[in-house]
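Take a look at the structure set out below.
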Amino acid sequence: MPTLWFERALLPDGWAEQVRIAVDGATISAVATGVAPESDDQRHGAALPGLCNVHSHGFQRGMAGLSERRGRPDDDFWSWREVMYRFLDRLTPDDIEAITAQAYVEMIEGGFTRVGEFHYLHNDVDGAHYADPAETAGAIVAAAEATGIGLTLLPVFYAHADFGGAPPAPGQRRFISDVDGFARLVEASRAKLPADAVLGIAPHSLRAVTPDELAAIMPLAEKGPLHIHAAEQVREVEACVAWSGARPVEWLLDHAAVDARWCLIHSTHIDAHETARLAASGAVAGLCPVTEANLGDGVFPAVDYLAAGGRFGVGTDSNILIDAASELRAIEYSQRLTLRKRALLVDETDPSVGATLFARAQAGGAQALGVASDIVVGNAADIVSLDLQHPALVGAGTDLLDRWIFAARPGAIDSVWRAGRKLVDRGRHIAADTIADRYRRTVTALLA
């Protein structure tokens, strides 16, 4: 089994120098600090625990950049959604696997070692159910296995087009389930998962599920995570108030027993009362700031939320541009642009913005995906290595995370191990060429 030696490593108590990490199979079997390297050790710069990507729609990687032309004067999230519907209409399970695998390679190269796949593309192109309810879930599992990324699969329940049980729109036909069909889908998905995968469920949003359906499907998660889109758009908030008299996050907190198993994706448009209540609930806010900026969603009130003790993780959502540091940087920059101040998201015990962002995203992401993530004995050997000779990192001390997140272009990550297996070497995934070739052929055919 490999023994890894790092000049420094980020352990639960902070940075440690001269760290040897022994790996037995998929897990960390020993961690020693203040030790010189031995002749057989693999030597590297700085070790970080791998991050969890709390929210991904893998197939959307194939349409990245295709929606950057104005289609109408009021172009917004809702018009972008129509572009997305047209793209997914042509995808086969093989297409989904090829595109998702490319997204997962980029995630691993960018510092993510586990993904929460918010998977809602269940049905055939005509809306009919596959003979195997988990046909497309199997494509997600195959993409994860081909790339080596850890998987938390979140099958999505989607039954309606809007609040109050409105009938689904034609563009949503590939998403639709009823409660009994969804139960079959969840169990069929569970049977396909590898040993270290996690299964949760994801009611898509309060637009897509009625209160009775939400109550009926929640037990299907068993002890796994529960994820839901919430308050991404102003129009969504207004429609929720018209339907129920409450805002989406407010309604969930009042009616869904939201606790530490929950991850509320986006939660962009929450008022001060919801901010405090969400923070107190123990749930995770799943922030996807690069996608939220791309779609014009708005800015999450991160300063107030963190001040209230809130937990967050980061996700790549539409996979328009995949990079862990970019997501973390965008959270802080959105606050600076809104409040016109600097260095806003810091812990009271540490003035480093980068350290605070990383620590919060690491803990919140692991909670949201149902795993442990620290570099400690017994945990999965999910480790990211930063190259301390990278121009942005040369001479870095306690500002290493600040430099990586705010000043390093791609290439600062030189190696990644997932479950003890080295997947990235010299900045490149070991299967990058093969997976990219399949991706190119797939997307070329789709766009022909």
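Chain labels A, B, ... are given in the sequence in which chains occur in the structure tokens; within each chain residues are numbered consecutively from 1, and ligands are likewise numbered from 1 in the order shown.
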Any idea what's packed within 7 Å of stretch 201-215 of chain A, counting only C-alpha atoms, ignoring anything in its chain fewer than 6 positions away? Could you give it as a PyMOL selection string?
chain A and resi 118+154-165+179+221+225-230
Just write the chosen residues, N, CA and C atoms, as a PDB file, in the first residue's frame.
ATOM      1  N   PHE A 118     -27.636  15.136  -8.431  1.00  0.00           N
ATOM      2  CA  PHE A 118     -29.057  15.461  -8.318  1.00  0.00           C
ATOM      3  C   PHE A 118     -29.687  15.028  -9.641  1.00  0.00           C
ATOM      4  N   LEU A 154     -28.606  11.007  -5.798  1.00  0.00           N
ATOM      5  CA  LEU A 154     -29.811  11.646  -5.282  1.00  0.00           C
ATOM      6  C   LEU A 154     -30.902  11.588  -6.354  1.00  0.00           C
ATOM      7  N   PRO A 155     -31.595  10.447  -6.483  1.00  0.00           N
ATOM      8  CA  PRO A 155     -32.693  10.383  -7.441  1.00  0.00           C
ATOM      9  C   PRO A 155     -33.744  11.450  -7.121  1.00  0.00           C
ATOM     10  N   VAL A 156     -34.217  12.105  -8.166  1.00  0.00           N
ATOM     11  CA  VAL A 156     -35.102  13.255  -7.998  1.00  0.00           C
ATOM     12  C   VAL A 156     -36.553  12.860  -8.235  1.00  0.00           C
ATOM     13  N   PHE A 157     -37.410  13.274  -7.313  1.00  0.00           N
ATOM     14  CA  PHE A 157     -38.856  13.147  -7.523  1.00  0.00           C
ATOM     15  C   PHE A 157     -39.372  14.440  -8.122  1.00  0.00           C
ATOM     16  N   TYR A 158     -40.028  14.310  -9.276  1.00  0.00           N
ATOM     17  CA  TYR A 158     -40.517  15.470 -10.025  1.00  0.00           C
ATOM     18  C   TYR A 158     -41.861  15.076 -10.610  1.00  0.00           C
ATOM     19  N   ALA A 159     -42.940  15.755 -10.204  1.00  0.00           N
ATOM     20  CA  ALA A 159     -44.276  15.357 -10.658  1.00  0.00           C
ATOM     21  C   ALA A 159     -45.083  16.486 -11.267  1.00  0.00           C
ATOM     22  N   HIS A 160     -44.685  17.754 -11.036  1.00  0.00           N
ATOM     23  CA  HIS A 160     -45.548  18.872 -11.412  1.00  0.00           C
ATOM     24  C   HIS A 160     -44.736  20.031 -11.973  1.00  0.00           C
ATOM     25  N   ALA A 161     -45.423  20.909 -12.704  1.00  0.00           N
ATOM     26  CA  ALA A 161     -44.777  22.053 -13.328  1.00  0.00           C
ATOM     27  C   ALA A 161     -44.732  23.271 -12.429  1.00  0.00           C
ATOM     28  N   ASP A 162     -45.598  23.312 -11.413  1.00  0.00           N
ATOM     29  CA  ASP A 162     -45.638  24.507 -10.570  1.00  0.00           C
ATOM     30  C   ASP A 162     -46.343  24.180  -9.269  1.00  0.00           C
ATOM     31  N   PHE A 163     -46.348  25.160  -8.378  1.00  0.00           N
ATOM     32  CA  PHE A 163     -46.952  24.993  -7.057  1.00  0.00           C
ATOM     33  C   PHE A 163     -48.420  24.566  -7.181  1.00  0.00           C
ATOM     34  N   GLY A 164     -48.842  23.769  -6.193  1.00  0.00           N
ATOM     35  CA  GLY A 164     -50.233  23.350  -6.157  1.00  0.00           C
ATOM     36  C   GLY A 164     -50.555  22.173  -7.041  1.00  0.00           C
ATOM     37  N   GLY A 165     -49.539  21.458  -7.533  1.00  0.00           N
ATOM     38  CA  GLY A 165     -49.796  20.262  -8.319  1.00  0.00           C
ATOM     39  C   GLY A 165     -50.146  20.513  -9.761  1.00  0.00           C
ATOM     40  N   VAL A 179     -45.542   8.571  -6.991  1.00  0.00           N
ATOM     41  CA  VAL A 179     -44.918   8.100  -5.745  1.00  0.00           C
ATOM     42  C   VAL A 179     -44.511   6.632  -5.853  1.00  0.00           C
ATOM     43  N   ALA A 221     -35.688   7.773   1.657  1.00  0.00           N
ATOM     44  CA  ALA A 221     -34.272   8.113   1.868  1.00  0.00           C
ATOM     45  C   ALA A 221     -33.639   7.248   2.939  1.00  0.00           C
ATOM     46  N   PRO A 225     -29.213  11.319   2.784  1.00  0.00           N
ATOM     47  CA  PRO A 225     -29.458  12.757   2.691  1.00  0.00           C
ATOM     48  C   PRO A 225     -30.764  13.082   1.966  1.00  0.00           C
ATOM     49  N   LEU A 226     -31.260  14.288   2.234  1.00  0.00           N
ATOM     50  CA  LEU A 226     -32.434  14.843   1.569  1.00  0.00           C
ATOM     51  C   LEU A 226     -32.050  16.197   0.988  1.00  0.00           C
ATOM     52  N   HIS A 227     -32.143  16.326  -0.330  1.00  0.00           N
ATOM     53  CA  HIS A 227     -31.773  17.577  -1.003  1.00  0.00           C
ATOM     54  C   HIS A 227     -32.982  18.128  -1.744  1.00  0.00           C
ATOM     55  N   ILE A 228     -33.075  19.462  -1.819  1.00  0.00           N
ATOM     56  CA  ILE A 228     -34.166  20.103  -2.536  1.00  0.00           C
ATOM     57  C   ILE A 228     -33.727  21.473  -3.025  1.00  0.00           C
ATOM     58  N   HIS A 229     -34.132  21.833  -4.257  1.00  0.00           N
ATOM     59  CA  HIS A 229     -33.958  23.215  -4.711  1.00  0.00           C
ATOM     60  C   HIS A 229     -34.911  24.111  -3.917  1.00  0.00           C
ATOM     61  N   ALA A 230     -34.432  25.273  -3.501  1.00  0.00           N
ATOM     62  CA  ALA A 230     -35.301  26.173  -2.734  1.00  0.00           C
ATOM     63  C   ALA A 230     -34.906  27.625  -2.966  1.00  0.00           C
TER      64      ALA A 230
END
Check stretch 283-409 of chain A with DSSP on the backbone and list each residue it calls strand (DSSP E), as a list in words.
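Result set for stretch 283-409 of chain A (strand (DSSP E)): Val284, Ala285, Gly286, Leu287, Arg311, Phe312, Gly313, Val314, Ile383, Val384, Ser385 and Leu386 of chain A.
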Just C-alpha atoms for this one: save the residues we selected as an mmCIF file, in the first residue's frame.
data_model
loop_
_atom_site.group_PDB
_atom_site.id
_atom_site.type_symbol
_atom_site.label_atom_id
_atom_site.label_comp_id
_atom_site.auth_asym_id
_atom_site.auth_seq_id
_atom_site.Cartn_x
_atom_site.Cartn_y
_atom_site.Cartn_z
ATOM 1 C CA VAL A 284 -26.664 22.744 4.846
ATOM 2 C CA ALA A 285 -27.143 25.491 2.294
ATOM 3 C CA GLY A 286 -25.919 24.122 -1.035
ATOM 4 C CA LEU A 287 -24.330 27.117 -2.760
ATOM 5 C CA ARG A 311 -23.444 25.524 7.394
ATOM 6 C CA PHE A 312 -22.786 25.470 3.655
ATOM 7 C CA GLY A 313 -21.331 23.301 0.933
ATOM 8 C CA VAL A 314 -20.478 24.132 -2.663
ATOM 9 C CA ILE A 383 -6.647 13.608 -0.614
ATOM 10 C CA VAL A 384 -5.791 16.562 -2.827
ATOM 11 C CA SER A 385 -2.158 17.669 -3.232
ATOM 12 C CA LEU A 386 -1.204 21.263 -3.991
#
Taking only residues of stretch 357-435 of chain A that have an atom at most 10 Å from an atom of stretch 335-350 of chain A, what is each one's shortest atom pair and its distance in Å to one decimal, using only C-alpha atoms, in chain and number order, as CSV?
residue,atom,partner,partner_atom,distance
A:Leu357,CA,A:Leu345,CA,7.2
A:Ala359,CA,A:Asp347,CA,9.6
A:Arg360,CA,A:Asp347,CA,9.4
Please, what distance in Å, to one decimal, runs between atom CA of A:Ala279 and atom CA of A:Leu306?
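About the pair atom CA of A:Ala279 and atom CA of A:Leu306: they are 7.8 Å apart.
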Apply DSSP to the backbone of this structure and, from stretch 16-123 of chain A, keep only the residues in helix (DSSP H, G or I); write these as an mmCIF file with N, CA and C atoms, in the first residue's frame.
data_model
loop_
_atom_site.group_PDB
_atom_site.id
_atom_site.type_symbol
_atom_site.label_atom_id
_atom_site.label_comp_id
_atom_site.auth_asym_id
_atom_site.auth_seq_id
_atom_site.Cartn_x
_atom_site.Cartn_y
_atom_site.Cartn_z
ATOM 1 N N GLY A 58 -24.929 16.218 -14.043
ATOM 2 C CA GLY A 58 -23.794 15.858 -14.881
ATOM 3 C C GLY A 58 -24.030 16.085 -16.362
ATOM 4 N N PHE A 59 -25.221 15.750 -16.858
ATOM 5 C CA PHE A 59 -25.464 15.837 -18.297
ATOM 6 C C PHE A 59 -25.379 17.269 -18.817
ATOM 7 N N GLN A 60 -25.563 18.265 -17.933
ATOM 8 C CA GLN A 60 -25.545 19.649 -18.398
ATOM 9 C C GLN A 60 -24.145 20.107 -18.814
ATOM 10 N N ARG A 61 -23.105 19.322 -18.471
ATOM 11 C CA ARG A 61 -21.760 19.666 -18.954
ATOM 12 C C ARG A 61 -21.732 19.729 -20.472
ATOM 13 N N GLY A 62 -22.562 18.922 -21.132
ATOM 14 C CA GLY A 62 -22.576 18.874 -22.577
ATOM 15 C C GLY A 62 -23.165 20.098 -23.243
ATOM 16 N N MET A 63 -23.891 20.930 -22.484
ATOM 17 C CA MET A 63 -24.473 22.141 -23.066
ATOM 18 C C MET A 63 -23.784 23.402 -22.564
ATOM 19 N N PHE A 77 -33.260 32.923 -16.075
ATOM 20 C CA PHE A 77 -33.234 31.509 -15.735
ATOM 21 C C PHE A 77 -34.287 30.730 -16.499
ATOM 22 N N TRP A 78 -35.472 31.283 -16.619
ATOM 23 C CA TRP A 78 -36.590 30.545 -17.194
ATOM 24 C C TRP A 78 -36.388 30.324 -18.692
ATOM 25 N N SER A 79 -35.792 31.276 -19.374
ATOM 26 C CA SER A 79 -35.501 31.058 -20.796
ATOM 27 C C SER A 79 -34.308 30.114 -20.965
ATOM 28 N N TRP A 80 -33.330 30.186 -20.059
ATOM 29 C CA TRP A 80 -32.231 29.209 -20.073
ATOM 30 C C TRP A 80 -32.785 27.799 -19.923
ATOM 31 N N ARG A 81 -33.793 27.636 -19.096
ATOM 32 C CA ARG A 81 -34.370 26.318 -18.864
ATOM 33 C C ARG A 81 -34.932 25.713 -20.155
ATOM 34 N N GLU A 82 -35.465 26.549 -21.028
ATOM 35 C CA GLU A 82 -35.980 26.046 -22.305
ATOM 36 C C GLU A 82 -34.842 25.515 -23.173
ATOM 37 N N VAL A 83 -33.689 26.182 -23.148
ATOM 38 C CA VAL A 83 -32.518 25.671 -23.877
ATOM 39 C C VAL A 83 -32.112 24.316 -23.318
ATOM 40 N N MET A 84 -32.126 24.194 -22.004
ATOM 41 C CA MET A 84 -31.764 22.935 -21.363
ATOM 42 C C MET A 84 -32.743 21.824 -21.747
ATOM 43 N N TYR A 85 -34.034 22.115 -21.769
ATOM 44 C CA TYR A 85 -35.014 21.104 -22.160
ATOM 45 C C TYR A 85 -34.754 20.601 -23.579
ATOM 46 N N ARG A 86 -34.424 21.506 -24.485
ATOM 47 C CA ARG A 86 -34.172 21.089 -25.869
ATOM 48 C C ARG A 86 -32.930 20.212 -25.969
ATOM 49 N N PHE A 87 -31.918 20.512 -25.159
ATOM 50 C CA PHE A 87 -30.691 19.710 -25.193
ATOM 51 C C PHE A 87 -30.950 18.309 -24.662
ATOM 52 N N LEU A 88 -31.600 18.184 -23.530
ATOM 53 C CA LEU A 88 -31.761 16.867 -22.920
ATOM 54 C C LEU A 88 -32.722 15.976 -23.700
ATOM 55 N N PRO A 93 -29.079 7.015 -22.618
ATOM 56 C CA PRO A 93 -28.271 6.674 -21.441
ATOM 57 C C PRO A 93 -26.771 6.669 -21.733
ATOM 58 N N ASP A 94 -26.360 6.192 -22.910
ATOM 59 C CA ASP A 94 -24.934 6.214 -23.251
ATOM 60 C C ASP A 94 -24.413 7.647 -23.333
ATOM 61 N N ASP A 95 -25.219 8.552 -23.887
ATOM 62 C CA ASP A 95 -24.824 9.965 -23.949
ATOM 63 C C ASP A 95 -24.661 10.538 -22.550
ATOM 64 N N ILE A 96 -25.602 10.221 -21.679
ATOM 65 C CA ILE A 96 -25.551 10.719 -20.304
ATOM 66 C C ILE A 96 -24.273 10.240 -19.619
ATOM 67 N N GLU A 97 -23.943 8.970 -19.827
ATOM 68 C CA GLU A 97 -22.728 8.427 -19.210
ATOM 69 C C GLU A 97 -21.480 9.132 -19.721
ATOM 70 N N ALA A 98 -21.390 9.326 -21.031
ATOM 71 C CA ALA A 98 -20.197 9.938 -21.615
ATOM 72 C C ALA A 98 -20.020 11.382 -21.155
ATOM 73 N N ILE A 99 -21.105 12.131 -21.141
ATOM 74 C CA ILE A 99 -21.024 13.538 -20.733
ATOM 75 C C ILE A 99 -20.727 13.645 -19.247
ATOM 76 N N THR A 100 -21.401 12.842 -18.440
ATOM 77 C CA THR A 100 -21.198 12.892 -16.993
ATOM 78 C C THR A 100 -19.782 12.491 -16.624
ATOM 79 N N ALA A 101 -19.227 11.515 -17.312
ATOM 80 C CA ALA A 101 -17.844 11.110 -17.029
ATOM 81 C C ALA A 101 -16.880 12.269 -17.276
ATOM 82 N N GLN A 102 -17.083 13.032 -18.340
ATOM 83 C CA GLN A 102 -16.230 14.193 -18.580
ATOM 84 C C GLN A 102 -16.345 15.200 -17.444
ATOM 85 N N ALA A 103 -17.574 15.447 -16.996
ATOM 86 C CA ALA A 103 -17.761 16.352 -15.863
ATOM 87 C C ALA A 103 -17.037 15.844 -14.626
ATOM 88 N N TYR A 104 -17.092 14.553 -14.378
ATOM 89 C CA TYR A 104 -16.470 13.997 -13.184
ATOM 90 C C TYR A 104 -14.948 14.064 -13.250
ATOM 91 N N VAL A 105 -14.374 13.853 -14.426
ATOM 92 C CA VAL A 105 -12.931 14.032 -14.576
ATOM 93 C C VAL A 105 -12.528 15.454 -14.193
ATOM 94 N N GLU A 106 -13.272 16.425 -14.693
ATOM 95 C CA GLU A 106 -12.950 17.821 -14.404
ATOM 96 C C GLU A 106 -13.141 18.137 -12.927
ATOM 97 N N MET A 107 -14.131 17.526 -12.298
ATOM 98 C CA MET A 107 -14.317 17.720 -10.857
ATOM 99 C C MET A 107 -13.108 17.219 -10.078
ATOM 100 N N ILE A 108 -12.659 16.020 -10.404
ATOM 101 C CA ILE A 108 -11.527 15.441 -9.678
ATOM 102 C C ILE A 108 -10.272 16.279 -9.892
ATOM 103 N N GLU A 109 -10.013 16.661 -11.131
ATOM 104 C CA GLU A 109 -8.845 17.503 -11.405
ATOM 105 C C GLU A 109 -8.938 18.843 -10.683
#
Give me the residues near A:Gly420 as JSON, numbers by chain, where near means some atom within 12 Å (using only C-alpha atoms) and where sequence neighbours in that chain fewer than 3 positions away do not count.
{"A": [1, 2, 3, 4, 21, 22, 23, 24, 25, 26, 27, 28, 29, 50, 113, 148, 149, 150, 375, 378, 379, 380, 381, 382, 383, 384, 415, 416, 417, 423, 424]}
Would you please work out which residue, of A:Asp74, A:Asp402, A:Asp196, A:Asp387, is nearest to A:Phe6 when using only C-alpha atoms?
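When distances to A:Phe6 are compared using only C-alpha atoms, the smallest one comes from A:Asp387.
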Which residues, written as JSON, numbers by chain, have at least one atom at most 8 Å from stretch 236-241 of chain A, with only C-alpha atoms counted and residues fewer than 3 positions away on the same chain left out?
{"A": [163, 206, 207, 231, 232, 233, 244, 245, 246, 247, 248, 269]}
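With distances restricted to only C-alpha atoms, A:Gly315 is the closest residue to A:Glu117 from A:Pro391, A:Gly354, A:Gly315, A:Pro170.
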Spatial neighbours of A:Leu153, 10 Å, only C-alpha atoms, chain gap at least 6 places, as number ranges by chain
A: 115-119, 137, 140-141, 186, 189-190, 193, 197-202, 224-225, 369
